[in-house]
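Q: Okay, handing you the structure first.
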Amino acid sequence: MIKVYYDKDADTALLKDKTIAIIGYGIQGRGQALCLRESGCRVIVSELEGTPNYEQAKKDEFFPISAKEAAEKADIIQILTQDHVQAKVYNESIKPNLKKGKALCFSHGFNIRFKQIKPPKNVDVFMIAPKGPGALVRRMYEEGKGVPSLLAVFQDASGQAKELGLAYAKAIGSTRAGVIETTFEEETETDLFGEQAVLCGGVTELIKAGFDTLIEAGYQPEIAYFEVLHELKLITDLIQEFGISGMRRRVSNTACYGDLTRGPKIITEKTRKTMQKLLKDIRSGKFAREWIKENETGRLVFNELLNKGDAHPIEEVGKRLRDMMPWMKK
C-alpha cells in the first residue's frame, strides 16, 4: 500500500543549522527557494550572472553566487538546473566540494537514474519532486496549502536521509498536501513515459492529426483550431478536477457517447504496443543515451524537429486566434 506523509511526519528542526543551496533559479528554483526561506531556512542561490533569472534572484533579495561557491558553503545542495546541464555543473562545481555530512537533493531523477551523476558514498542523496510547477508551489504555500511531492532516497549515508527529505518537503509546503514515497527509478521512468506518450508527445501529435484531418476535408482552419486545440483545456481541467468519469458526466451525452465508442478506435491495440516500446526504451536507457548524445552533438535533430513543428499551419492560425482573446494574455 502506498505510503503518504503529512506535516506530523516531518520535522523542519532538522534544517535549522543547515545551509541550503538552490542551484538554478528558474521557475522551480525560485518557488522552492522562497518557500524555504519563509519557513526559516538559511538559503543561498546560484545562478549565472547576466541572465533574467539572476536579476530575478536579486529582486527577491537573494545574492546569487557561483555553483562552486554555493556548493562549498551549503550542507544541502538542491540541483534545479535543466537535466542536460546537471552533470556538467555537478562535475565542475559541486563534486569537488562534497564531503561527508553533506546532502544532494533533486526534483527529478534523470541524472541519478541514468548514472550521469555518480555521488560519493559518504553523502545523502534524496529527491523531493513537487507535482506542479514552481509558481504553483509558491502560490499554494502562500495560501497555506501545498503541492503534493514525491520523496525518494537513493543514498542514506547519514541514516537520516529520509527524515531530511521530509523536512525539506515540509519547508516548501508539500506535507500539507501529502508526500508519496517512491524511488528514483520509478519517478524518472514514469515521468519520461508520461511526457512522451501522453502529456507532450501523445497530445501534440493527436492535436495536429485532428487539425490536419479537418483541413484536408475542407473545413476552415480557425474552426478546426477551436475544436481540436482551444477546447482541450476545458476537458483537461474537468479531468484534473473530477477524473475521467467526472468529465464524462459533465460534457454532453453526445460527447460522452462519442468518447466511449470512438476513442478506442483512435487509441488502438497498436498504439498501446507502441507505448510499451517507448517504455522499454526508457527503462533500458536507450532514450537517455539518445538524448545525452543529442546534446553532445549540437542538438541538430532537436532543433530541426522543433523548427518543423513551429512551421505547422496550426501555429499560424493559433497565434491569430489567440490575439482575439485578450483574457488569455498575462
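Residues in the C-alpha cells are named by chain (A, B, ... in the order shown) and by number from 1 within that chain; ligands are numbered from 1 in the order shown.
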Just want the 9 Å neighbourhood of Pro96 of chain A, counted on only C-alpha atoms, with same-chain residues fewer than 6 positions away dropped. Output as a compact mmCIF listing (two decimals) with N, CA, C and O atoms, in the first residue's frame.
A:
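New file out.txt:
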```
# COMPACT_ATOMS: atom_id res chain seq x y z
N LYS A 68 30.00 26.76 -7.65
CA LYS A 68 31.14 26.31 -6.86
C LYS A 68 31.09 26.88 -5.45
O LYS A 68 31.23 26.14 -4.45
N ALA A 71 28.17 25.38 -3.49
CA ALA A 71 28.45 24.00 -3.06
C ALA A 71 29.42 23.97 -1.89
O ALA A 71 29.32 23.11 -1.01
N GLU A 72 30.36 24.90 -1.87
CA GLU A 72 31.31 24.98 -0.75
C GLU A 72 30.60 25.33 0.55
O GLU A 72 30.90 24.77 1.61
N TYR A 90 27.53 19.56 -11.93
CA TYR A 90 27.93 18.70 -10.82
C TYR A 90 29.43 18.41 -10.88
O TYR A 90 30.15 18.60 -9.89
```
Q: Taking the backbone alone, and naming residues the way the document does, which bits of segment 77-280 of chain A are strand (DSSP E or B) by DSSP, as an NGL selection string?
A: :A and (77-79 or 103-106 or 124-130 or 149-155 or 179-181)
Q: Quick check, in Å to one decimal: how far apart do atom CA of Ser107 of chain A and atom CA of Val203 of chain A lie?
A: 24.2 Å
Q: As number ranges by chain, please: all residues of segment 198-300 of chain A that backbone DSSP puts in helix (DSSP H, G or I).
A: A: 198-199, 201-216, 221-230, 232-248, 253-266, 269-284, 286-296, 300
Q: Please report the interatomic distance between atom CA of Glu222 of chain A and atom CA of Met328 of chain A in Å with one decimal.
A: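 Atom-to-atom, atom CA of Glu222 of chain A and atom CA of Met328 of chain A are spaced 17.0 Å apart.
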Q: So that each row is one residue of segment 184-248 of chain A with an atom at most 12 Å from segment 127-144 of chain A, can you give its shortest atom pair and the distance in Å to one decimal, using only C-alpha atoms, rows by chain and rising number, as a Markdown table?
A:
```
| residue | atom | partner | partner_atom | distance |
| --- | --- | --- | --- | --- |
| A:Phe184 | CA | A:Met127 | CA | 7.5 |
| A:Glu185 | CA | A:Met127 | CA | 11.3 |
| A:Glu186 | CA | A:Met127 | CA | 11.9 |
| A:Glu187 | CA | A:Ala129 | CA | 8.6 |
| A:Thr188 | CA | A:Ala129 | CA | 10.4 |
| A:Asp191 | CA | A:Lys131 | CA | 10.4 |
```
Q: For those residues, write C-alpha atoms to a file as a PDB file, in the first residue's frame.
A:
```pdb
ATOM      1  CA  PHE A 184      14.465   7.438  -8.365  1.00  0.00           C
ATOM      2  CA  GLU A 185      13.805   4.730 -10.947  1.00  0.00           C
ATOM      3  CA  GLU A 186      10.016   4.886 -10.694  1.00  0.00           C
ATOM      4  CA  GLU A 187       9.838   8.691 -10.723  1.00  0.00           C
ATOM      5  CA  THR A 188      12.187   9.046 -13.683  1.00  0.00           C
ATOM      6  CA  ASP A 191       7.837  10.924 -15.780  1.00  0.00           C
TER       7      ASP A 191
END
```
Q: Tell me which protein, DNA and RNA residues are within 12 Å of Ile2 of chain A, counting only C-alpha atoms, leaving out same-chain ones fewer than 4 positions away, and put them as an NGL selection string.
A: :A and (150-151 or 178-182)
Q: Those selected residues, please, written with N, CA and C atoms and delivered as a tab-separated table (two decimals), in the first residue's frame.
A:
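Generated output (selection-v6.tsv):
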```
chain	number	residue	atom	x	y	z
A	150	LEU	N	6.79	13.96	-4.47
A	150	LEU	CA	7.30	12.61	-4.38
A	150	LEU	C	8.62	12.64	-3.61
A	151	LEU	N	8.82	11.63	-2.78
A	151	LEU	CA	10.05	11.50	-1.99
A	151	LEU	C	10.75	10.21	-2.37
A	178	GLY	N	0.53	16.23	1.09
A	178	GLY	CA	0.88	14.82	1.12
A	178	GLY	C	2.12	14.54	0.31
A	179	VAL	N	3.01	13.73	0.86
A	179	VAL	CA	4.25	13.35	0.18
A	179	VAL	C	4.24	11.84	0.00
A	180	ILE	N	4.37	11.41	-1.24
A	180	ILE	CA	4.29	9.98	-1.57
A	180	ILE	C	5.69	9.42	-1.78
A	181	GLU	N	5.96	8.29	-1.15
A	181	GLU	CA	7.27	7.67	-1.26
A	181	GLU	C	7.39	6.88	-2.56
A	182	THR	N	8.53	7.02	-3.22
A	182	THR	CA	8.78	6.33	-4.48
A	182	THR	C	10.27	6.02	-4.56
```
Q: Would you mind listing what lies within 10 Å of segment 247-258 of chain A as JSON, numbers by chain, with only C-alpha atoms counted and same-chain residues fewer than 5 positions away left out?
A: {"A": [234, 235, 236, 237, 238, 239, 240, 241, 242, 263]}
Q: Need the shell around Glu189 of chain A: protein/DNA/RNA residues with any atom at most 9 Å away, counting only C-alpha atoms. Skip same-chain ones fewer than 6 positions apart. Format as a list in words?
A: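 Once the nearby chain positions are removed, what remains is Gly109, Phe110, Arg113, Leu279, Ile282 and Arg283 of chain A.
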Q: Looking at A:Trp327, A:Phe226, A:Phe302, A:Phe193, which one is nearest to Gln276 of chain A, with distances taken over only C-alpha atoms?
A: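 Using only C-alpha atoms, the shortest distance to Gln276 of chain A belongs to A:Phe193.
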Q: I'd like the contact shell of Val317 of chain A - 9 Å cut-off, only C-alpha atoms, skipping same-chain residues fewer than 4 positions apart - returned as a PyMOL selection string.
A: chain A and resi 221-222+225+313+321-322
Q: Give the answer as one residue: which of A:Asn111, A:Ser66, A:Thr274, A:Gln160 has the shortest atom-to-atom distance to Gln86 of chain A, using only C-alpha atoms?
A: A:Asn111
Q: If you measure from atom CA of Ala152 of chain A to atom CA of Val125 of chain A, what distance in Å do you get, rounded to one decimal?
A: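 We find that atom CA of Ala152 of chain A and atom CA of Val125 of chain A lie 8.7 Å from each other.
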Q: Just checking: using only C-alpha atoms, which residue out of A:Ile112, A:Ala13, A:Leu166, A:Val147 ends up closest to Gly31 of chain A?
A: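 Under the stated criterion, the closest residue is A:Val147.
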Q: So, counting only C-alpha atoms, which residue among A:Asp259, A:Glu227, A:Asp7, A:Glu315 is closest to Ala177 of chain A?
A: A:Asp7
